[in-house]
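K.L.:
Got upload39.cif for you, mmCIF, N, CA and C atoms:
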data_upload
#
loop_
_atom_site.label_atom_id
_atom_site.label_comp_id
_atom_site.auth_asym_id
_atom_site.auth_seq_id
_atom_site.Cartn_x
_atom_site.Cartn_y
_atom_site.Cartn_z
N MET Y 1138 52.90 13.80 -27.18
CA MET Y 1138 54.03 14.70 -27.37
C MET Y 1138 54.37 15.31 -26.00
N PRO Y 1139 55.60 15.13 -25.53
CA PRO Y 1139 55.97 15.68 -24.22
C PRO Y 1139 56.10 17.20 -24.27
N TRP Y 1140 55.89 17.81 -23.14
CA TRP Y 1140 56.00 19.25 -23.01
C TRP Y 1140 57.44 19.56 -22.64
N ALA Y 1141 58.24 19.96 -23.59
CA ALA Y 1141 59.64 20.31 -23.35
C ALA Y 1141 59.82 21.80 -23.62
N PHE Y 1142 60.29 22.51 -22.62
CA PHE Y 1142 60.44 23.96 -22.76
C PHE Y 1142 61.90 24.33 -22.88
N LYS Y 1143 62.15 25.37 -23.67
CA LYS Y 1143 63.51 25.88 -23.88
C LYS Y 1143 63.64 27.22 -23.16
N GLU Y 1144 64.86 27.59 -22.93
CA GLU Y 1144 65.14 28.82 -22.19
C GLU Y 1144 64.99 30.08 -23.04
N ASN Y 1145 65.00 29.94 -24.37
CA ASN Y 1145 65.10 31.10 -25.25
C ASN Y 1145 63.78 31.86 -25.51
N ARG Y 1146 62.64 31.31 -25.07
CA ARG Y 1146 61.35 31.96 -25.32
C ARG Y 1146 60.45 31.80 -24.10
N PRO Y 1147 59.53 32.74 -23.89
CA PRO Y 1147 58.60 32.60 -22.77
C PRO Y 1147 57.81 31.29 -22.85
N ILE Y 1148 57.57 30.69 -21.71
CA ILE Y 1148 56.89 29.39 -21.66
C ILE Y 1148 55.50 29.47 -22.26
N PHE Y 1149 54.74 30.55 -22.00
CA PHE Y 1149 53.38 30.62 -22.54
C PHE Y 1149 53.38 30.58 -24.06
N GLN Y 1150 54.40 31.16 -24.70
CA GLN Y 1150 54.49 31.13 -26.16
C GLN Y 1150 54.80 29.71 -26.65
N GLN Y 1151 55.65 29.02 -25.91
CA GLN Y 1151 55.97 27.64 -26.28
C GLN Y 1151 54.74 26.73 -26.09
N ILE Y 1152 53.97 26.98 -25.05
CA ILE Y 1152 52.73 26.24 -24.83
C ILE Y 1152 51.76 26.51 -25.98
N TYR Y 1153 51.63 27.78 -26.33
CA TYR Y 1153 50.76 28.18 -27.45
C TYR Y 1153 51.14 27.41 -28.72
N ASP Y 1154 52.44 27.40 -29.04
CA ASP Y 1154 52.90 26.70 -30.24
C ASP Y 1154 52.60 25.21 -30.17
N THR Y 1155 52.79 24.61 -29.01
CA THR Y 1155 52.52 23.18 -28.85
C THR Y 1155 51.04 22.88 -29.08
N ILE Y 1156 50.18 23.71 -28.53
CA ILE Y 1156 48.74 23.50 -28.71
C ILE Y 1156 48.34 23.72 -30.16
N VAL Y 1157 48.91 24.75 -30.79
CA VAL Y 1157 48.61 24.99 -32.21
C VAL Y 1157 49.01 23.78 -33.04
N ILE Y 1158 50.18 23.24 -32.80
CA ILE Y 1158 50.63 22.07 -33.55
C ILE Y 1158 49.70 20.89 -33.30
N ARG Y 1159 49.25 20.73 -32.08
CA ARG Y 1159 48.31 19.65 -31.77
C ARG Y 1159 46.97 19.86 -32.48
N ILE Y 1160 46.57 21.09 -32.65
CA ILE Y 1160 45.35 21.37 -33.42
C ILE Y 1160 45.60 21.04 -34.89
N LEU Y 1161 46.72 21.47 -35.42
CA LEU Y 1161 47.01 21.27 -36.83
C LEU Y 1161 47.20 19.80 -37.20
N ASN Y 1162 47.73 19.00 -36.26
CA ASN Y 1162 47.95 17.59 -36.58
C ASN Y 1162 46.77 16.69 -36.18
N GLY Y 1163 45.70 17.30 -35.64
CA GLY Y 1163 44.48 16.56 -35.34
C GLY Y 1163 44.41 15.97 -33.94
N THR Y 1164 45.43 16.18 -33.13
CA THR Y 1164 45.35 15.70 -31.75
C THR Y 1164 44.15 16.34 -31.06
N TYR Y 1165 43.96 17.62 -31.30
CA TYR Y 1165 42.76 18.33 -30.85
C TYR Y 1165 41.98 18.65 -32.13
N PRO Y 1166 40.97 17.87 -32.47
CA PRO Y 1166 40.28 18.02 -33.76
C PRO Y 1166 39.42 19.28 -33.88
N GLN Y 1167 39.21 19.68 -35.11
CA GLN Y 1167 38.36 20.82 -35.40
C GLN Y 1167 36.99 20.63 -34.76
N GLY Y 1168 36.53 21.67 -34.10
CA GLY Y 1168 35.23 21.61 -33.46
C GLY Y 1168 35.21 20.81 -32.16
N GLY Y 1169 36.35 20.22 -31.82
CA GLY Y 1169 36.44 19.41 -30.61
C GLY Y 1169 36.73 20.25 -29.38
N LYS Y 1170 36.43 19.68 -28.23
CA LYS Y 1170 36.64 20.37 -26.96
C LYS Y 1170 38.10 20.24 -26.55
N LEU Y 1171 38.66 21.37 -26.13
CA LEU Y 1171 40.02 21.36 -25.58
C LEU Y 1171 39.96 20.97 -24.10
N PRO Y 1172 41.03 20.34 -23.61
CA PRO Y 1172 41.07 20.07 -22.16
C PRO Y 1172 41.01 21.39 -21.39
N SER Y 1173 40.61 21.32 -20.13
CA SER Y 1173 40.53 22.52 -19.31
C SER Y 1173 41.92 23.09 -19.05
N VAL Y 1174 41.95 24.35 -18.66
CA VAL Y 1174 43.21 25.02 -18.33
C VAL Y 1174 43.93 24.24 -17.23
N ARG Y 1175 43.20 23.85 -16.21
CA ARG Y 1175 43.82 23.12 -15.10
C ARG Y 1175 44.39 21.77 -15.55
N GLU Y 1176 43.63 21.05 -16.38
CA GLU Y 1176 44.12 19.76 -16.88
C GLU Y 1176 45.40 19.94 -17.69
N MET Y 1177 45.39 20.91 -18.58
CA MET Y 1177 46.56 21.12 -19.43
C MET Y 1177 47.74 21.65 -18.62
N ALA Y 1178 47.49 22.51 -17.65
CA ALA Y 1178 48.57 23.03 -16.81
C ALA Y 1178 49.22 21.90 -16.04
N GLU Y 1179 48.41 21.00 -15.52
CA GLU Y 1179 48.94 19.85 -14.77
C GLU Y 1179 49.77 18.95 -15.70
N GLU Y 1180 49.25 18.68 -16.89
CA GLU Y 1180 49.96 17.84 -17.86
C GLU Y 1180 51.31 18.46 -18.25
N ALA Y 1181 51.30 19.79 -18.44
CA ALA Y 1181 52.52 20.48 -18.88
C ALA Y 1181 53.46 20.80 -17.72
N GLY Y 1182 52.94 20.72 -16.50
CA GLY Y 1182 53.76 21.03 -15.34
C GLY Y 1182 54.01 22.52 -15.17
N VAL Y 1183 52.98 23.32 -15.49
CA VAL Y 1183 53.10 24.77 -15.37
C VAL Y 1183 51.97 25.33 -14.51
N ASN Y 1184 52.11 26.56 -14.12
CA ASN Y 1184 51.11 27.27 -13.35
C ASN Y 1184 49.86 27.48 -14.24
N PRO Y 1185 48.65 27.30 -13.68
CA PRO Y 1185 47.44 27.54 -14.47
C PRO Y 1185 47.38 28.94 -15.10
N ASN Y 1186 47.97 29.94 -14.45
CA ASN Y 1186 47.97 31.29 -15.03
C ASN Y 1186 48.78 31.34 -16.32
N THR Y 1187 49.86 30.59 -16.36
CA THR Y 1187 50.68 30.52 -17.58
C THR Y 1187 49.89 29.85 -18.70
N MET Y 1188 49.20 28.77 -18.36
CA MET Y 1188 48.39 28.06 -19.35
C MET Y 1188 47.24 28.96 -19.81
N GLN Y 1189 46.63 29.69 -18.91
CA GLN Y 1189 45.53 30.59 -19.26
C GLN Y 1189 46.00 31.65 -20.26
N ARG Y 1190 47.21 32.14 -20.06
CA ARG Y 1190 47.75 33.14 -20.98
C ARG Y 1190 47.89 32.56 -22.39
N ALA Y 1191 48.37 31.32 -22.47
CA ALA Y 1191 48.51 30.67 -23.78
C ALA Y 1191 47.13 30.43 -24.41
N MET Y 1192 46.17 30.02 -23.59
CA MET Y 1192 44.82 29.77 -24.11
C MET Y 1192 44.16 31.06 -24.59
N SER Y 1193 44.40 32.15 -23.88
CA SER Y 1193 43.87 33.45 -24.30
C SER Y 1193 44.47 33.84 -25.65
N GLN Y 1194 45.74 33.54 -25.84
CA GLN Y 1194 46.39 33.82 -27.11
C GLN Y 1194 45.76 32.98 -28.23
N LEU Y 1195 45.40 31.73 -27.93
CA LEU Y 1195 44.71 30.88 -28.90
C LEU Y 1195 43.39 31.51 -29.33
N GLU Y 1196 42.66 32.04 -28.36
CA GLU Y 1196 41.38 32.69 -28.67
C GLU Y 1196 41.61 33.94 -29.51
N SER Y 1197 42.62 34.72 -29.15
CA SER Y 1197 42.92 35.94 -29.92
C SER Y 1197 43.26 35.63 -31.37
N ALA Y 1198 43.91 34.49 -31.57
CA ALA Y 1198 44.28 34.08 -32.93
C ALA Y 1198 43.10 33.46 -33.68
N GLY Y 1199 42.00 33.23 -32.98
CA GLY Y 1199 40.82 32.64 -33.62
C GLY Y 1199 40.86 31.13 -33.69
N LEU Y 1200 41.85 30.50 -33.05
CA LEU Y 1200 41.98 29.05 -33.12
C LEU Y 1200 41.13 28.32 -32.09
N ALA Y 1201 40.66 29.03 -31.09
CA ALA Y 1201 39.79 28.46 -30.08
C ALA Y 1201 38.69 29.46 -29.75
N VAL Y 1202 37.56 28.93 -29.37
CA VAL Y 1202 36.41 29.75 -29.02
C VAL Y 1202 35.90 29.25 -27.67
N THR Y 1203 35.57 30.18 -26.78
CA THR Y 1203 35.03 29.80 -25.49
C THR Y 1203 33.52 29.71 -25.56
N ASN Y 1204 33.02 28.58 -25.15
CA ASN Y 1204 31.59 28.36 -25.02
C ASN Y 1204 31.33 28.26 -23.53
N ARG Y 1205 30.58 29.18 -22.99
CA ARG Y 1205 30.39 29.27 -21.53
C ARG Y 1205 29.94 27.97 -20.89
N THR Y 1206 29.18 27.18 -21.61
CA THR Y 1206 28.66 25.95 -21.02
C THR Y 1206 29.54 24.73 -21.25
N SER Y 1207 30.39 24.77 -22.27
CA SER Y 1207 31.18 23.57 -22.56
C SER Y 1207 32.68 23.82 -22.70
N GLY Y 1208 33.16 24.95 -22.24
CA GLY Y 1208 34.60 25.21 -22.29
C GLY Y 1208 35.08 25.71 -23.64
N ARG Y 1209 36.36 25.52 -23.87
CA ARG Y 1209 36.96 25.98 -25.13
C ARG Y 1209 36.86 24.90 -26.20
N ILE Y 1210 36.57 25.37 -27.41
CA ILE Y 1210 36.41 24.49 -28.56
C ILE Y 1210 37.37 24.94 -29.65
N VAL Y 1211 37.97 23.98 -30.33
CA VAL Y 1211 38.85 24.27 -31.46
C VAL Y 1211 38.00 24.81 -32.61
N THR Y 1212 38.51 25.82 -33.29
CA THR Y 1212 37.78 26.40 -34.41
C THR Y 1212 37.49 25.36 -35.49
N SER Y 1213 36.44 25.60 -36.23
CA SER Y 1213 36.11 24.76 -37.39
C SER Y 1213 36.42 25.51 -38.68
N ASP Y 1214 37.07 26.67 -38.57
CA ASP Y 1214 37.39 27.51 -39.72
C ASP Y 1214 38.53 26.87 -40.53
N GLU Y 1215 38.15 26.14 -41.55
CA GLU Y 1215 39.11 25.40 -42.38
C GLU Y 1215 40.17 26.31 -43.01
N GLU Y 1216 39.74 27.47 -43.50
CA GLU Y 1216 40.68 28.39 -44.15
C GLU Y 1216 41.71 28.93 -43.15
N LEU Y 1217 41.27 29.27 -41.95
CA LEU Y 1217 42.20 29.74 -40.93
C LEU Y 1217 43.20 28.65 -40.59
N LEU Y 1218 42.74 27.43 -40.44
CA LEU Y 1218 43.65 26.32 -40.10
C LEU Y 1218 44.66 26.07 -41.22
N LYS Y 1219 44.22 26.16 -42.47
CA LYS Y 1219 45.15 26.00 -43.61
C LYS Y 1219 46.20 27.11 -43.59
N LYS Y 1220 45.76 28.32 -43.31
CA LYS Y 1220 46.68 29.48 -43.27
C LYS Y 1220 47.72 29.30 -42.17
N VAL Y 1221 47.27 28.91 -40.99
CA VAL Y 1221 48.18 28.74 -39.86
C VAL Y 1221 49.14 27.58 -40.13
N LYS Y 1222 48.64 26.50 -40.71
CA LYS Y 1222 49.50 25.35 -41.03
C LYS Y 1222 50.60 25.78 -42.01
N ARG Y 1223 50.22 26.56 -42.99
CA ARG Y 1223 51.21 27.04 -43.98
C ARG Y 1223 52.26 27.93 -43.29
N GLU Y 1224 51.80 28.80 -42.39
CA GLU Y 1224 52.74 29.68 -41.67
C GLU Y 1224 53.74 28.86 -40.84
N TYR Y 1225 53.25 27.86 -40.13
CA TYR Y 1225 54.14 27.03 -39.31
C TYR Y 1225 55.08 26.21 -40.19
N ALA Y 1226 54.57 25.67 -41.30
CA ALA Y 1226 55.41 24.89 -42.20
C ALA Y 1226 56.48 25.77 -42.84
N THR Y 1227 56.12 26.98 -43.22
CA THR Y 1227 57.08 27.90 -43.82
C THR Y 1227 58.18 28.26 -42.82
N ALA Y 1228 57.80 28.51 -41.58
CA ALA Y 1228 58.79 28.83 -40.56
C ALA Y 1228 59.74 27.65 -40.33
N ALA Y 1229 59.20 26.43 -40.31
CA ALA Y 1229 60.04 25.24 -40.13
C ALA Y 1229 60.98 25.06 -41.31
N ALA Y 1230 60.49 25.31 -42.52
CA ALA Y 1230 61.32 25.18 -43.71
C ALA Y 1230 62.45 26.21 -43.71
N ARG Y 1231 62.13 27.42 -43.30
CA ARG Y 1231 63.16 28.47 -43.23
C ARG Y 1231 64.24 28.11 -42.22
N GLU Y 1232 63.81 27.60 -41.07
CA GLU Y 1232 64.76 27.21 -40.03
C GLU Y 1232 65.65 26.07 -40.53
N PHE Y 1233 65.04 25.10 -41.20
CA PHE Y 1233 65.80 23.99 -41.77
C PHE Y 1233 66.83 24.50 -42.78
N MET Y 1234 66.39 25.38 -43.69
CA MET Y 1234 67.30 25.89 -44.72
C MET Y 1234 68.43 26.71 -44.10
N GLN Y 1235 68.13 27.45 -43.06
CA GLN Y 1235 69.18 28.21 -42.38
C GLN Y 1235 70.22 27.26 -41.80
N GLN Y 1236 69.77 26.18 -41.19
CA GLN Y 1236 70.70 25.20 -40.64
C GLN Y 1236 71.53 24.54 -41.73
N MET Y 1237 70.91 24.25 -42.87
CA MET Y 1237 71.64 23.63 -43.98
C MET Y 1237 72.69 24.60 -44.53
N GLN Y 1238 72.33 25.87 -44.63
CA GLN Y 1238 73.29 26.88 -45.10
C GLN Y 1238 74.46 27.01 -44.14
N GLU Y 1239 74.17 26.92 -42.83
CA GLU Y 1239 75.24 26.99 -41.84
C GLU Y 1239 76.19 25.80 -41.98
N LEU Y 1240 75.66 24.68 -42.46
CA LEU Y 1240 76.51 23.51 -42.71
C LEU Y 1240 77.22 23.59 -44.06
N GLY Y 1241 76.89 24.62 -44.83
CA GLY Y 1241 77.53 24.80 -46.12
C GLY Y 1241 76.85 24.10 -47.27
N LEU Y 1242 75.60 23.68 -47.06
CA LEU Y 1242 74.87 23.00 -48.13
C LEU Y 1242 74.04 24.00 -48.94
N SER Y 1243 73.97 23.77 -50.23
CA SER Y 1243 73.13 24.60 -51.09
C SER Y 1243 71.68 24.14 -50.97
N LYS Y 1244 70.79 24.93 -51.54
CA LYS Y 1244 69.37 24.59 -51.54
C LYS Y 1244 69.14 23.24 -52.23
N GLU Y 1245 69.83 23.05 -53.34
CA GLU Y 1245 69.69 21.81 -54.09
C GLU Y 1245 70.21 20.62 -53.29
N GLU Y 1246 71.34 20.80 -52.60
CA GLU Y 1246 71.89 19.71 -51.77
C GLU Y 1246 70.94 19.38 -50.61
N ALA Y 1247 70.32 20.40 -50.05
CA ALA Y 1247 69.37 20.18 -48.95
C ALA Y 1247 68.14 19.41 -49.46
N LYS Y 1248 67.67 19.77 -50.65
CA LYS Y 1248 66.53 19.05 -51.23
C LYS Y 1248 66.89 17.59 -51.49
N THR Y 1249 68.07 17.36 -52.03
CA THR Y 1249 68.52 15.99 -52.28
C THR Y 1249 68.61 15.22 -50.98
N LEU Y 1250 69.14 15.86 -49.96
CA LEU Y 1250 69.24 15.22 -48.65
C LEU Y 1250 67.86 14.82 -48.13
N LEU Y 1251 66.89 15.70 -48.28
CA LEU Y 1251 65.51 15.38 -47.86
C LEU Y 1251 64.95 14.21 -48.65
N ASP Y 1252 65.18 14.22 -49.97
CA ASP Y 1252 64.67 13.15 -50.81
C ASP Y 1252 65.28 11.79 -50.44
N GLU Y 1253 66.56 11.82 -50.08
CA GLU Y 1253 67.27 10.59 -49.78
C GLU Y 1253 67.21 10.17 -48.31
N SER Y 1254 66.76 11.07 -47.48
CA SER Y 1254 66.78 10.85 -46.04
C SER Y 1254 65.81 9.78 -45.59
N GLU Y 1255 66.27 8.96 -44.66
CA GLU Y 1255 65.40 7.95 -44.05
C GLU Y 1255 64.59 8.56 -42.92
N VAL Y 1256 64.84 9.83 -42.60
CA VAL Y 1256 64.12 10.50 -41.52
C VAL Y 1256 62.66 10.66 -41.90
N ILE Y 1257 62.40 10.91 -43.17
CA ILE Y 1257 61.05 11.14 -43.65
C ILE Y 1257 60.50 9.84 -44.19
N GLY Y 1258 59.38 9.41 -43.68
CA GLY Y 1258 58.75 8.16 -44.13
C GLY Y 1258 58.23 8.30 -45.53
N LYS Y 1259 58.31 7.24 -46.28
CA LYS Y 1259 57.82 7.26 -47.67
C LYS Y 1259 56.64 6.35 -47.82
#
Could you show the structure in this file as structure tokens?
P.N.:
Amino acid sequence: MPWAFKENRPIFQQIYDTIVIRILNGTYPQGGKLPSVREMAEEAGVNPNTMQRAMSQLESAGLAVTNRTSGRIVTSDEELLKKVKREYATAAAREFMQQMQELGLSKEEAKTLLDESEVIGK
């Protein structure tokens, strides 16, 4: 997944969201080691201080834990991961529905569109 940043939000928050999504989709597996701050900063094309800020936010959220000898590790807390996944999915669904409403579609029309859409694999 490429690191694409938008102008409307601070970069560290966008980095945080990207890493969270990578945790939720298994790119960074539960209990697995996260790449170092320097490695991730280089990959994302950002200053290591910006990446460190995002990683600190991950720790504050409980999604990563620092182990002094082996770096940062993704949490193994299944319930926390389920909760965060639901929060991200709910936010995406709300954003989608807002866009559909702006197009003048009802909730039912949006559901039908999703069911019929080739965008979603079956």
K.L.:
Convert the output of the PyMOL selection byres ((chain Y and resi 1194-1202) around 8) on the shown file into explicit residues, formatted as a list of chain:residue names.
P.N.:
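Selection result, ordered by chain and number: Y:Tyr1153, Y:Val1157, Y:Met1188, Y:Gln1189, Y:Arg1190, Y:Ala1191, Y:Met1192, Y:Ser1193, Y:Thr1203, Y:Asn1204, Y:Arg1205, Y:Gly1208, Y:Arg1209, Y:Ile1210, Y:Val1211, Y:Thr1212, Y:Ser1213, Y:Asp1214, Y:Leu1217, Y:Leu1218.
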K.L.:
For CA of Asn1186 (chain Y) and atom C of Trp1140 (chain Y), quote the distance in Å rounded to one decimal.
P.N.:
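Computed distance, CA of Asn1186 (chain Y) to atom C of Trp1140 (chain Y), equals 16.9 Å.
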K.L.:
Would you mind reading off the distance between CA of Asn1162 (chain Y) and CA of Lys1222 (chain Y), one decimal, in Å?
P.N.:
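Computing it gives 9.1 Å between the two atoms.
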K.L.:
Based on DSSP run over this structure's backbone, return all residues of chain Y in strand (DSSP E or B), as a list in words.
P.N.:
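Matching residues for strand (DSSP E or B) in chain Y are Lys1170, Ala1201, Val1202, Thr1203, Asn1204, Gly1208, Arg1209, Ile1210 and Val1211 of chain Y.
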K.L.:
Counting only C-alpha atoms, figure out which residue out of Y:Pro1166, Y:Glu1239, Y:Thr1206, Y:Phe1149 gets nearest to Ala1178 (chain Y).
P.N.:
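The shortest atom-to-atom distance to Ala1178 (chain Y) comes from Y:Phe1149.
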K.L.:
Figure out the distance between atom N of Leu1161 (chain Y) and atom N of Val1221 (chain Y), please, to one decimal in Å.
P.N.:
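Between these atoms lies a distance of 9.3 Å.
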K.L.:
With only C-alpha atoms as the atoms that count, which of Y:Ser1254, Y:Glu1232, Y:Ala1226, Y:Val1183 lies nearest to Phe1142 (chain Y)?
P.N.:
Y:Val1183
K.L.:
Apply the PyMOL selection byres (((chain Y and resi 1233 and name CA) around 12) and name CA) to the structure shown and report the selected residues as a list in words.
P.N.:
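Written out, the selection comes to Ala1226, Thr1227, Ala1228, Ala1229, Ala1230, Arg1231, Glu1232, Met1234, Gln1235, Gln1236, Met1237, Gln1238, Glu1239, Leu1240, Leu1242, Ser1243, Lys1244, Ala1247, Lys1248, Leu1250 and Leu1251 of chain Y.
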K.L.:
If you run DSSP on this backbone, which residues of chain Y come out as helix (DSSP H, G or I), and could you give them as a PyMOL selection string?
P.N.:
chain Y and resi 1148-1161+1174-1181+1185-1197+1215-1239+1244-1253
K.L.:
Could you pull region 1213-1233 of chain Y out of the block above and save it with N, CA and C atoms, as a JSON list (two decimals), in the first residue's frame?
P.N.:
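Result written to result-v5.json:
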[["chain", "number", "residue", "atom", "x", "y", "z"],
["Y", 1213, "SER", "N", -1.44, -8.21, 20.90],
["Y", 1213, "SER", "CA", -2.13, -9.48, 20.69],
["Y", 1213, "SER", "C", -3.53, -9.44, 21.29],
["Y", 1214, "ASP", "N", -3.95, -8.26, 21.74],
["Y", 1214, "ASP", "CA", -5.26, -8.08, 22.37],
["Y", 1214, "ASP", "C", -6.36, -8.15, 21.32],
["Y", 1215, "GLU", "N", -6.93, -9.32, 21.19],
["Y", 1215, "GLU", "CA", -7.96, -9.60, 20.18],
["Y", 1215, "GLU", "C", -9.18, -8.67, 20.31],
["Y", 1216, "GLU", "N", -9.61, -8.44, 21.54],
["Y", 1216, "GLU", "CA", -10.78, -7.58, 21.76],
["Y", 1216, "GLU", "C", -10.51, -6.14, 21.34],
["Y", 1217, "LEU", "N", -9.33, -5.62, 21.66],
["Y", 1217, "LEU", "CA", -8.98, -4.27, 21.24],
["Y", 1217, "LEU", "C", -8.95, -4.17, 19.73],
["Y", 1218, "LEU", "N", -8.37, -5.16, 19.07],
["Y", 1218, "LEU", "CA", -8.30, -5.13, 17.60],
["Y", 1218, "LEU", "C", -9.69, -5.20, 16.97],
["Y", 1219, "LYS", "N", -10.58, -6.00, 17.54],
["Y", 1219, "LYS", "CA", -11.97, -6.07, 17.04],
["Y", 1219, "LYS", "C", -12.66, -4.72, 17.21],
["Y", 1220, "LYS", "N", -12.44, -4.09, 18.35],
["Y", 1220, "LYS", "CA", -13.05, -2.78, 18.64],
["Y", 1220, "LYS", "C", -12.55, -1.73, 17.64],
["Y", 1221, "VAL", "N", -11.25, -1.69, 17.43],
["Y", 1221, "VAL", "CA", -10.67, -0.70, 16.52],
["Y", 1221, "VAL", "C", -11.13, -0.96, 15.09],
["Y", 1222, "LYS", "N", -11.20, -2.23, 14.69],
["Y", 1222, "LYS", "CA", -11.67, -2.57, 13.34],
["Y", 1222, "LYS", "C", -13.11, -2.08, 13.14],
["Y", 1223, "ARG", "N", -13.92, -2.29, 14.15],
["Y", 1223, "ARG", "CA", -15.32, -1.84, 14.07],
["Y", 1223, "ARG", "C", -15.39, -0.31, 13.95],
["Y", 1224, "GLU", "N", -14.57, 0.38, 14.73],
["Y", 1224, "GLU", "CA", -14.55, 1.85, 14.67],
["Y", 1224, "GLU", "C", -14.15, 2.34, 13.28],
["Y", 1225, "TYR", "N", -13.12, 1.75, 12.71],
["Y", 1225, "TYR", "CA", -12.67, 2.17, 11.37],
["Y", 1225, "TYR", "C", -13.72, 1.82, 10.31],
["Y", 1226, "ALA", "N", -14.33, 0.64, 10.43],
["Y", 1226, "ALA", "CA", -15.36, 0.24, 9.47],
["Y", 1226, "ALA", "C", -16.58, 1.15, 9.57],
["Y", 1227, "THR", "N", -16.97, 1.51, 10.78],
["Y", 1227, "THR", "CA", -18.11, 2.40, 10.98],
["Y", 1227, "THR", "C", -17.83, 3.77, 10.38],
["Y", 1228, "ALA", "N", -16.63, 4.28, 10.59],
["Y", 1228, "ALA", "CA", -16.27, 5.58, 10.02],
["Y", 1228, "ALA", "C", -16.30, 5.53, 8.49],
["Y", 1229, "ALA", "N", -15.80, 4.44, 7.91],
["Y", 1229, "ALA", "CA", -15.81, 4.30, 6.45],
["Y", 1229, "ALA", "C", -17.24, 4.21, 5.92],
["Y", 1230, "ALA", "N", -18.10, 3.49, 6.64],
["Y", 1230, "ALA", "CA", -19.49, 3.36, 6.23],
["Y", 1230, "ALA", "C", -20.21, 4.70, 6.30],
["Y", 1231, "ARG", "N", -19.94, 5.46, 7.34],
["Y", 1231, "ARG", "CA", -20.56, 6.79, 7.47],
["Y", 1231, "ARG", "C", -20.12, 7.71, 6.33],
["Y", 1232, "GLU", "N", -18.84, 7.67, 6.02],
["Y", 1232, "GLU", "CA", -18.32, 8.50, 4.94],
["Y", 1232, "GLU", "C", -18.95, 8.10, 3.60],
["Y", 1233, "PHE", "N", -19.06, 6.79, 3.37],
["Y", 1233, "PHE", "CA", -19.70, 6.30, 2.16],
["Y", 1233, "PHE", "C", -21.15, 6.77, 2.08]]
